[in-house]
$ cat target.txt   # compact mmCIF, C-alpha atoms
# COMPACT_ATOMS: atom_id res chain seq x y z
CA MET A 5 78.61 106.73 53.42
CA PRO A 6 81.41 106.33 50.84
CA LEU A 7 84.66 108.25 50.75
CA HIS A 8 84.67 111.19 48.33
CA LEU A 9 87.81 112.92 47.03
CA ARG A 10 86.72 116.11 45.31
CA PHE A 11 88.90 117.62 42.58
CA GLY A 12 89.19 121.27 41.59
CA PRO A 13 90.88 122.50 38.39
CA ASP A 14 94.33 122.65 40.03
CA ASP A 15 93.97 119.13 41.43
CA LEU A 16 93.49 117.72 37.94
CA LEU A 17 96.95 119.05 37.04
CA ARG A 18 98.64 117.75 40.17
CA CYS A 19 97.92 114.04 40.12
CA ARG A 20 101.13 112.08 40.42
CA PHE A 21 102.41 108.58 41.09
CA GLY A 22 104.66 107.52 43.93
CA ILE A 23 106.25 104.40 45.41
CA SER A 24 106.83 104.08 49.15
CA PRO A 25 109.00 101.29 50.58
CA LEU A 26 107.50 101.96 54.01
CA TRP A 27 103.98 101.44 52.71
CA GLU A 28 105.06 97.98 51.54
CA VAL A 29 106.46 97.35 55.03
CA THR A 30 103.17 98.18 56.76
CA GLY A 31 101.31 96.25 54.08
CA ALA A 32 103.54 93.23 54.66
CA VAL A 33 102.99 93.43 58.41
CA ARG A 34 99.23 93.54 57.84
CA ALA A 35 99.49 90.54 55.50
CA LEU A 36 101.12 88.57 58.31
CA LYS A 37 98.19 89.49 60.56
CA GLU A 38 95.56 88.49 57.97
CA THR A 39 97.23 85.63 56.10
CA ARG A 40 93.92 84.15 54.89
CA LEU A 41 93.36 87.23 52.71
CA HIS A 42 96.69 87.06 50.95
CA ALA A 43 96.75 83.90 48.87
CA TYR A 44 98.92 85.60 46.23
CA HIS A 45 101.73 85.87 48.79
CA LEU A 46 101.91 82.29 50.07
CA THR A 47 105.46 81.86 48.79
CA TRP A 48 106.55 85.04 50.58
CA LEU A 49 104.69 84.03 53.74
CA ARG A 50 106.50 80.69 53.82
CA GLU A 51 109.91 82.23 53.13
CA THR A 52 109.57 84.93 55.80
CA GLU A 53 107.95 82.77 58.47
CA ALA A 54 111.13 82.34 60.52
CA ALA A 55 112.14 85.99 60.22
CA ALA A 56 108.65 87.14 61.23
CA ARG A 57 108.80 85.04 64.40
CA GLU A 58 111.88 87.01 65.48
CA LEU A 59 109.90 90.26 65.45
CA ASP A 60 107.31 91.41 67.98
CA LEU A 61 104.82 92.98 65.59
CA THR A 62 102.08 93.35 68.21
CA PRO A 63 102.42 97.17 68.52
CA LEU A 64 101.86 97.56 64.77
CA TRP A 65 99.05 95.00 64.65
CA LEU A 66 97.31 96.84 67.48
CA LEU A 67 97.10 99.88 65.17
CA MET A 68 95.74 97.96 62.17
CA PRO A 69 92.00 97.40 62.54
CA ARG A 70 90.38 95.29 59.83
CA ARG A 71 88.17 98.25 58.99
CA GLY A 72 89.03 101.69 60.25
CA HIS A 73 91.91 104.06 60.74
CA THR A 74 95.59 103.14 60.59
CA PRO A 75 97.92 105.98 61.67
CA ASP A 76 98.83 108.09 58.66
CA PHE A 77 102.27 108.92 60.07
CA LEU A 78 103.32 105.25 59.93
CA SER A 79 103.23 105.24 56.12
CA PRO A 80 103.06 108.83 54.89
CA PRO A 81 102.23 109.42 51.22
CA PRO A 82 105.41 109.31 49.10
CA ASP A 83 106.65 112.82 48.36
CA SER A 84 108.58 111.78 45.24
CA PRO A 85 108.20 109.06 42.57
CA LEU A 86 110.43 106.66 44.52
CA THR A 87 111.47 107.41 48.08
CA SER A 88 114.07 105.39 49.95
CA VAL A 89 113.20 103.52 53.11
CA GLU A 90 115.66 105.76 54.98
CA GLN A 91 113.69 108.82 53.86
CA ASP A 92 110.40 107.19 54.82
CA VAL A 93 111.59 106.20 58.30
CA ALA A 94 113.09 109.66 58.86
CA ARG A 95 109.67 111.19 58.18
CA VAL A 96 108.10 108.85 60.75
CA ARG A 97 110.71 109.82 63.34
CA ALA A 98 110.00 113.51 62.69
CA THR A 99 106.30 113.16 63.58
CA ASP A 100 105.07 115.69 66.11
CA PRO A 101 104.14 113.76 69.30
CA ALA A 102 100.87 115.66 69.75
CA ALA A 103 99.78 114.83 66.19
CA ALA A 104 100.95 111.25 66.67
CA ARG A 105 98.83 110.87 69.81
CA ASP A 106 95.68 111.91 67.95
CA ASP A 107 96.54 109.52 65.12
CA LEU A 108 97.21 106.66 67.55
CA ALA A 109 94.03 107.31 69.50
CA ARG A 110 91.90 107.14 66.33
CA ALA A 111 93.47 103.83 65.32
CA LEU A 112 93.17 102.27 68.76
CA ALA A 113 89.53 103.34 69.00
CA ASP A 114 88.69 101.29 65.89
CA THR A 115 89.65 98.04 67.63
CA PRO A 116 87.45 97.51 70.72
CA GLY A 117 89.59 97.36 73.86
CA ALA A 118 92.87 98.22 72.14
CA ALA A 119 93.29 101.54 73.95
CA GLU A 120 92.97 99.75 77.30
CA THR A 121 95.73 97.22 76.66
CA PRO A 122 99.09 97.89 78.37
CA GLN A 123 100.69 98.72 75.01
CA GLY A 124 97.79 100.95 73.97
CA ARG A 125 97.92 102.90 77.24
CA ALA A 126 101.70 103.26 76.94
CA MET A 127 101.43 104.69 73.41
CA LEU A 128 98.89 107.30 74.47
CA ALA A 129 100.77 108.20 77.66
CA ASP A 130 104.09 108.81 75.88
CA PRO A 131 103.51 109.38 72.14
CA ALA A 132 107.08 110.61 71.58
CA ARG A 133 108.43 107.27 72.77
CA ALA A 134 105.76 105.46 70.76
CA VAL A 135 106.92 107.24 67.58
CA ARG A 136 110.54 106.22 68.22
CA GLU A 137 109.67 102.59 68.97
CA LEU A 138 107.29 102.25 66.03
CA ALA A 139 109.88 103.74 63.66
CA ASP A 140 112.46 101.26 64.98
CA LEU A 141 110.03 98.38 64.51
CA CYS A 142 109.20 99.46 60.94
CA GLU A 143 112.91 99.59 60.15
CA GLN A 144 113.44 96.11 61.56
CA ALA A 145 110.47 94.79 59.58
CA TRP A 146 111.90 96.32 56.41
CA HIS A 147 115.20 94.46 56.76
CA ALA A 148 113.58 91.17 57.75
CA LEU A 149 110.50 91.03 55.53
CA VAL A 150 110.80 93.36 52.55
CA ALA A 151 114.39 94.33 51.74
CA PRO A 152 115.40 90.84 50.48
CA TYR A 153 112.56 91.03 47.93
CA TRP A 154 112.64 94.74 47.14
CA PRO A 155 114.14 94.56 43.61
CA ARG A 156 111.34 92.18 42.60
CA LEU A 157 108.63 94.23 44.31
CA ARG A 158 109.93 97.51 42.94
CA ALA A 159 109.94 96.11 39.40
CA VAL A 160 106.23 95.28 39.68
CA LEU A 161 105.43 98.72 41.10
CA GLU A 162 107.42 100.54 38.42
CA ALA A 163 105.81 98.48 35.68
CA ASP A 164 102.37 99.36 37.01
CA ILE A 165 103.19 103.07 36.99
CA ALA A 166 104.47 102.85 33.42
CA PHE A 167 101.21 101.22 32.36
CA ARG A 168 99.04 103.74 34.24
CA ALA A 169 101.01 106.71 32.91
CA ARG A 170 100.39 105.54 29.34
CA ARG A 171 96.69 105.09 30.09
CA LEU A 172 96.51 108.59 31.58
CA ALA A 173 98.17 110.01 28.47
CA ASP A 174 95.84 108.09 26.14
CA GLU A 175 92.51 108.27 27.99
CA GLY A 176 92.78 110.93 30.71
CA LEU A 177 91.59 110.53 34.28
CA THR A 178 88.44 108.67 33.22
CA GLY A 179 90.51 105.89 31.68
CA LEU A 180 93.05 105.94 34.49
CA PHE A 181 90.49 105.50 37.26
CA ALA A 182 88.38 102.99 35.34
CA ASP A 183 90.34 99.91 36.44
CA LEU A 184 92.36 100.92 39.49
CA HIS A 185 89.98 98.97 41.71
CA PRO A 186 86.33 97.83 41.54
CA SER A 187 85.54 99.93 44.62
CA LEU A 188 86.60 103.17 42.91
CA SER A 189 84.50 105.27 40.56
CA TRP A 190 85.01 108.65 38.89
CA ALA A 191 82.22 111.09 38.04
CA ASN A 192 81.69 114.85 38.04
CA GLY A 193 85.16 115.66 39.29
CA THR A 194 84.92 113.31 42.28
CA LEU A 195 86.75 110.05 42.93
CA THR A 196 84.58 107.86 45.15
CA LEU A 197 85.65 104.87 47.19
CA HIS A 198 82.57 102.74 47.83
CA ARG A 199 82.98 101.28 51.28
CA PRO A 200 81.44 101.81 54.73
CA THR A 201 83.34 104.85 55.93
CA GLU A 202 82.77 108.50 56.70
CA HIS A 203 85.11 110.76 54.81
CA ASP A 204 84.66 113.66 52.44
CA ARG A 205 87.70 115.63 51.34
CA ASP A 206 88.23 118.57 49.05
CA LEU A 207 91.76 118.14 47.69
CA GLY A 208 92.21 121.91 47.81
CA GLY A 209 94.56 122.26 44.86
CA ASP A 210 97.19 119.85 46.23
CA GLY A 211 96.23 117.06 43.82
CA LEU A 212 96.24 113.33 44.46
CA VAL A 213 99.01 110.77 44.93
CA LEU A 214 98.40 107.39 43.31
CA ALA A 215 100.56 104.71 44.93
CA PRO A 216 100.60 101.13 43.62
CA SER A 217 101.18 98.48 46.25
CA VAL A 218 101.94 94.80 46.21
CA PHE A 219 100.57 94.08 49.68
CA VAL A 220 97.38 96.19 49.70
CA TRP A 221 95.55 93.57 47.58
CA PRO A 222 92.63 92.74 47.71
CA ASP A 223 91.78 96.15 49.15
CA VAL A 224 92.34 99.75 48.23
CA ALA A 225 93.31 102.34 50.84
CA SER A 226 92.72 106.06 51.13
CA GLY A 227 91.55 108.63 53.63
CA PHE A 228 94.80 110.43 54.43
CA ASP A 229 93.94 113.63 56.27
CA PRO A 230 95.69 117.04 56.14
CA PRO A 231 98.52 117.88 56.40
CA TRP A 232 99.10 114.77 54.28
CA GLN A 233 98.38 114.98 50.57
CA GLY A 234 95.32 113.05 49.44
CA THR A 235 96.41 109.54 48.45
CA VAL A 236 94.94 106.36 47.00
CA VAL A 237 96.90 103.14 47.46
CA TYR A 238 95.75 100.50 45.00
CA PRO A 239 96.82 96.95 44.04
CA ALA A 240 99.58 96.87 41.45
CA ARG A 241 99.11 94.93 38.23
CA GLY A 242 101.09 91.74 37.84
CA ILE A 243 101.07 90.47 41.43
CA GLY A 244 99.59 87.17 40.29
CA GLY A 245 102.96 86.15 38.90
CA LEU A 246 105.09 87.96 41.46
CA TRP A 247 106.43 84.91 43.25
CA GLN A 248 106.63 82.59 40.24
CA ALA A 249 109.99 81.49 38.92
CA PRO A 250 111.10 83.52 35.89
CA ARG A 251 109.92 82.14 32.58
CA THR A 252 112.37 80.54 30.22
CA GLY A 253 112.16 80.64 26.47
CA SER A 254 111.06 77.70 24.34
CA ASP A 255 113.65 75.44 22.75
CA THR A 256 112.99 77.08 19.39
CA LEU A 257 113.35 80.55 20.86
CA GLU A 258 116.56 79.55 22.61
CA ARG A 259 118.04 78.23 19.38
CA LEU A 260 117.13 81.48 17.66
CA LEU A 261 118.22 83.97 20.30
CA GLY A 262 120.36 82.07 22.78
CA ALA A 263 119.25 80.93 26.24
CA ASN A 264 119.71 84.22 28.11
CA ARG A 265 118.11 86.46 25.50
CA ALA A 266 115.20 84.02 25.12
CA ALA A 267 114.68 83.99 28.89
CA LEU A 268 114.77 87.79 29.09
CA LEU A 269 112.27 88.16 26.26
CA ALA A 270 109.95 85.48 27.63
CA GLY A 271 110.08 86.99 31.12
CA LEU A 272 109.12 90.50 30.04
CA GLY A 273 105.38 90.04 30.44
CA GLU A 274 105.43 93.40 32.24
CA PRO A 275 107.87 96.30 31.75
CA ALA A 276 111.00 96.02 33.89
CA THR A 277 114.33 97.71 34.49
CA THR A 278 117.77 96.29 33.75
CA THR A 279 118.43 95.95 37.48
CA ALA A 280 115.19 94.08 38.10
CA LEU A 281 115.85 91.71 35.22
CA ALA A 282 119.40 91.04 36.39
CA HIS A 283 118.11 90.19 39.85
CA ARG A 284 115.24 88.07 38.52
CA HIS A 285 117.39 85.98 36.15
CA GLY A 286 120.59 85.85 38.19
CA LEU A 287 122.66 87.56 35.49
CA ALA A 288 125.29 90.28 35.63
CA LEU A 289 123.98 93.79 35.06
CA SER A 290 126.37 94.36 32.14
CA SER A 291 125.29 91.11 30.51
CA VAL A 292 121.59 91.99 30.79
CA SER A 293 122.22 95.45 29.39
CA SER A 294 124.01 93.99 26.39
CA HIS A 295 121.28 91.43 25.71
CA LEU A 296 118.54 94.06 25.99
CA SER A 297 120.33 96.29 23.50
CA VAL A 298 120.44 93.46 20.97
CA LEU A 299 116.76 92.63 21.49
CA ARG A 300 115.82 96.28 21.14
CA ASP A 301 117.88 96.69 17.98
CA ALA A 302 116.11 93.64 16.57
CA GLY A 303 112.73 95.32 17.11
CA LEU A 304 111.65 92.93 19.87
CA LEU A 305 111.79 95.44 22.75
CA THR A 306 111.24 99.13 23.32
CA SER A 307 112.54 101.25 26.17
CA ARG A 308 111.19 104.35 27.84
CA ARG A 309 112.53 106.49 30.64
CA TYR A 310 110.56 106.98 33.84
CA GLY A 311 112.39 109.34 36.21
CA HIS A 312 115.86 107.88 36.71
CA GLN A 313 114.78 104.43 35.54
CA VAL A 314 114.63 102.95 32.03
CA LEU A 315 111.84 100.42 31.56
CA TYR A 316 112.00 97.75 28.85
CA GLU A 317 108.91 96.12 27.36
CA ARG A 318 108.15 93.84 24.45
CA THR A 319 106.96 95.13 21.12
CA PRO A 320 104.04 93.32 19.43
CA LEU A 321 106.63 91.37 17.44
CA GLY A 322 108.46 90.45 20.66
CA THR A 323 105.22 89.30 22.27
CA ALA A 324 104.35 87.18 19.25
CA LEU A 325 107.79 85.63 19.21
CA ALA A 326 107.64 84.89 22.94
CA GLY A 327 104.42 82.98 22.33
CA ASP A 328 102.12 84.96 24.68

$ encode --input "target.txt" --output "structure tokens"
Amino acid sequence: MPLHLRFGPDDLLRCRFGISPLWEVTGAVRALKETRLHAYHLTWLRETEAAARELDLTPLWLLMPRRGHTPDFLSPPPDSPLTSVEQDVARVRATDPAAARDDLARALADTPGAAETPQGRAMLADPARAVRELADLCEQAWHALVAPYWPRLRAVLEADIAFRARRLADEGLTGLFADLHPSLSWANGTLTLHRPTEHDRDLGGDGLVLAPSVFVWPDVASGFDPPWQGTVVYPARGIGGLWQAPRTGSDTLERLLGANRAALLAGLGEPATTTALAHRHGLALSSVSSHLSVLRDAGLLTSRRYGHQVLYERTPLGTALAGD
């Protein structure tokens, strides 16, 4: 049977977006386990190959069945629009050992024989130690696999949220859910994930967290149980060009605007922050800010605030000038 998330009137008012660095960590670890499914990330896989060999990811892989339950406490739903990895890891460390044992047992049961391995037995025998060791491993994986790329990843995630927020404002939940993922459908106050699973949840007035992810592609993830807030983790837009070198402007555009402004305009296929653009193009933050102000004053860009971030995107004139 499919997974059903049932909305009441209060839930419709409490849908929100969130970004979790720790979710990207667990997604990255899963991508290393299932490399054949992650063609979009070949560049990242090659660049992190040596760092990944230095980590023993077996305990995490043991808890990641291809189909089935992965412990919710390893990547709890983000409780704010953008949590820090320190906040995420602290929440993992604070997991109650009894709750962790139940979570671990469910995950191990979905991989035949996993609970009988030495590591599986050790986790179930001492869940408090398992929580500490898994939190340590997630933190190590963050520094080795995700942190060096976080500005780029975060820019994609923030751009996706900006796009989805506009769609929600323009078209409501029907428009928002229409293209999150082919496996999702919305009808009669219920969001349904069409996949072989057994889950039916009334959101109970707590609403739903929508979390874009770079590494969840090609899947979509859900099924978080109480006390966690209902959550859907879906593939972010724009991952097809995530690992490509930043675009440069044409010769004509460079003569008109200058090389740096042309490159910034050409590279803004998706909304991005000043910090993300500075990192992407190897420019000083102050220089990027100055160039963006000029492009905005010329009517080629617009800016909008999302939380503490300001996202820049091209106007129709800017898009036409960039040649897209």

$ closest_residue --input "target.txt" --among "A:Cys142, A:Val236, A:Ala166, A:Leu157" --to "Phe219 of chain A" --atoms "all atoms listed in the file"
A:Leu157

$ closest_residue --input "target.txt" --among "A:Leu246, A:Val96, A:Ala163, A:Ala113" --to "Ala132 of chain A" --atoms "all atoms listed in the file"
A:Val96

$ residues_around --input "target.txt" --residues "segment 285-302 of chain A" --least-positions-apart "2" --cutoff "10 Å" --atoms "all atoms listed in the file" --output "PyMOL selection string"
chain A and resi 249-252+261-262+264-269+271+277-283+304-307+316-319+321-322

$ closest_residue --input "target.txt" --among "A:Thr256, A:Thr196, A:Thr30, A:Ser79" --to "Ala182 of chain A" --atoms "only C-alpha atoms"
A:Thr196

$ atom_distance --input "target.txt" --atom1 "atom CA of His8 of chain A" --atom2 "atom CA of Leu180 of chain A"
17.0 Å
